[in-house]
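Chemist: Below you will find the structure I want to go over with you.
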Amino acid sequence: MIKTRFLSCLLLISSLSVGSLQAQRNKPATRPATTGANILPNGSLELPLPSGTATAPAVPSDYPRQFIPTSPDDVFFEDEEEQEGGIGENILNDAEEKGIEYTPEQLARFKTFVNDYVAYLKQQNSFIKGRIQGWWMYPAQSTVSSNSFTRFSEGAQNGQAALRLSGVFSVDHQLYTYPDPLPVRSKAKYLVSYHYRGNFPKSADGYARSAQKLAVVRITWIPKAGKALALKGVELAPAGKSWIDSRDNTNFHAPEGFFNMLIGMDLKGNEPQWREKYMVVEAPENAEKMTFELAFFKNEDGGIANYDLQVDTLSMKLIQGEEGEPDVPPVTFTTPQAPKKVRQRYTQREFAIEWTDEDPAVEGFEIEAIAKQGGTTLSTQTYTTKEKRYFFEGMTPGVTYRIRLRSKKGTAFSDYSAPLEVETGQLGDFPGGTIPFLYTIEEDGSCPQKLPLYFLELTNPNALITCYIDGQEVKPEGRILTFPSLGTHALSITVQESEDKIWDLEYQVTVK
């Protein structure tokens, strides 16, 4: 009897503590008041709306139901003349086995039904798996795991659509703003929120997974050109570099990280119901733009057996009284033309762009370069120049850079230009295999007196470079090696990528 009572007390205490934790899963407990519009695009995930309400066509009474189309790629016959392939052949084979004979009129009706049903599936599929306006879903076409997101309308928290993630998926999934970073106010505080519902997670053996990490918000803050992001006087990244603000307890600057993350206990309850997860985020000093991401941790075999998580109504609004710095003054000058890539033989770690702008009010330009690999954004960097040309150095091989620019006068900026995409070559794509190749020397051995030291197939961009001209060591200035005179010279270069990876390169050059 004593043991039974003691166990009952433990269960009661455990129940109260879980309930108490659940009640505190948002901080502050009182939801802050907000002002202004939601800066996240299409936060209700509705757009684009379906072109019409998709209604499945009625199944003919004599149609064999086991052959109702299941894919938008289904056809009645793959070969109409021979009546072979597709659903039609399956129907005929089944009829032959069962001694059924269909008339041409019946087959014509069956074909019409199949075509109508496939059209219905295509309409459904375009909504369920289609691109959501203002957002991108990763992985879109991954070789590791197909995209497990689906969009649905019935029971959405707000409006006509919500997003579901279910089943087993072997890579993290992401929902992030796309394609351009969104403007923010420096030093402002924002209330980030989204609604969620789903199954309380359990293992295949039925054990609760209350502490299982499900989702986390990540915000990539992008600074003003040449400025460093800072919070409470602490620099977050070097000047001009972005900083990823992951709202979890690994982030020193997110003291409420545990409460910001979505975990198993947030779904505690008998019936799935829509609930709100909200958090306060602070835009760092010198922040100008940001990208927003809701990341879902992978659910591999042996993880959550009943995984079903739905989200809707994503929002990011200014908190009243914490509006930060005022908006940038209105723009009074024109947008520059889209940049163009300067032609060069090879593009791996360096490339140049140029553009035109005739506005005399312009004092300079800000260039934004977003590095992407597949559907993943790797980094966003900003550069400044007073020229109408810019040379990029130290870029990453095998990456697509989305580049756009805007004019600057004082603290005011023009709109961004149309973007330019530049793809850098993969390591191993160029002549010479894995041996570094100094491509600024022409094929006939000629080179300028001030020779840029730009290499292809350089695995380590910070490799130690030692140069010898006619047997004498000459130190380059930055990445420029200067020859003492015009004419023929022997050039030796030692490239040390690591202690056990050293290349000795020999050239006979004609300096012109």
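Scheme for the structure tokens: letters A, B, ... for chains in order shown; per-chain residue numbers from 1; ligand numbers from 1 in order shown.
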Residues of region 251-347 of chain A that have any atom at most 7 Å from an atom of region 158-176 of chain A: could you tabulate them with the shortest-distance atom pair and the distance in Å to one decimal, using only C-alpha atoms, ordered by chain and increasing number, as a tab-separated table?

Modeler:
```
residue	atom	partner	partner_atom	distance
A:Phe292	CA	A:Tyr176	CA	5.6
A:Glu293	CA	A:Tyr176	CA	4.1
A:Leu294	CA	A:Leu175	CA	5.2
A:Ala295	CA	A:Gln174	CA	4.4
A:Phe296	CA	A:His173	CA	5.1
A:Phe297	CA	A:Asp172	CA	4.8
A:Lys298	CA	A:Asp172	CA	4.4
A:Asn299	CA	A:Phe169	CA	5.3
A:Glu300	CA	A:Ser170	CA	5.1
A:Asp301	CA	A:Val168	CA	6.4
A:Tyr307	CA	A:Ser166	CA	5.3
A:Asp308	CA	A:Ser166	CA	4.4
A:Leu309	CA	A:Leu165	CA	5.3
A:Gln310	CA	A:Arg164	CA	4.3
A:Val311	CA	A:Leu163	CA	5.4
A:Asp312	CA	A:Ala162	CA	4.9
A:Thr313	CA	A:Asn158	CA	6.4
```

Chemist: Show which residues sit within 10 Å of Lys501 (chain A), as a PyMOL selection string. Count only C-alpha atoms, and ignore same-chain residues fewer than 5 positions away.

Modeler: chain A and resi 463+495-496

Chemist: Save out the residues we just selected, N, CA and C atoms, as a PDB file, in the first residue's frame.

Modeler:
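Saved as result29.pdb:
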```pdb
ATOM      1  N   ALA A 463      46.822  28.921 -49.098  1.00  0.00           N
ATOM      2  CA  ALA A 463      48.111  28.254 -49.267  1.00  0.00           C
ATOM      3  C   ALA A 463      49.258  29.271 -49.216  1.00  0.00           C
ATOM      4  N   VAL A 495      54.013  26.255 -54.001  1.00  0.00           N
ATOM      5  CA  VAL A 495      52.679  26.368 -53.412  1.00  0.00           C
ATOM      6  C   VAL A 495      52.566  25.314 -52.314  1.00  0.00           C
ATOM      7  N   GLN A 496      52.477  25.764 -51.066  1.00  0.00           N
ATOM      8  CA  GLN A 496      52.352  24.835 -49.938  1.00  0.00           C
ATOM      9  C   GLN A 496      50.922  24.902 -49.418  1.00  0.00           C
TER      10      GLN A 496
END
```

Chemist: Tell me which of A:Leu229, A:Ala305, A:Val184, A:Ala237 sits closest to Asn286 (chain A), counting only C-alpha atoms.

Modeler: A:Leu229

Chemist: Which residue, A:Val362, A:Leu427, A:Thr380, A:Asn462, has the smallest gap to Ser498 (chain A) when you use only C-alpha atoms?

Modeler: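 Ranking A:Val362, A:Leu427, A:Thr380, A:Asn462 by distance to Ser498 (chain A), first place goes to A:Asn462.
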
Chemist: Just the number, please: distance in Å from CA of Asn42 (chain A) to CA of Gly134 (chain A), one decimal.

Modeler: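 One can read the CA of Asn42 (chain A) to CA of Gly134 (chain A) distance as 6.3 Å.
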
Chemist: Using only C-alpha atoms, pick whichever of A:Lys268, A:Arg406, A:Arg345, A:His489 has the shortest atom-to-atom distance to Phe430 (chain A).

Modeler: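 Of all the options, A:Arg345 lies closest to Phe430 (chain A).
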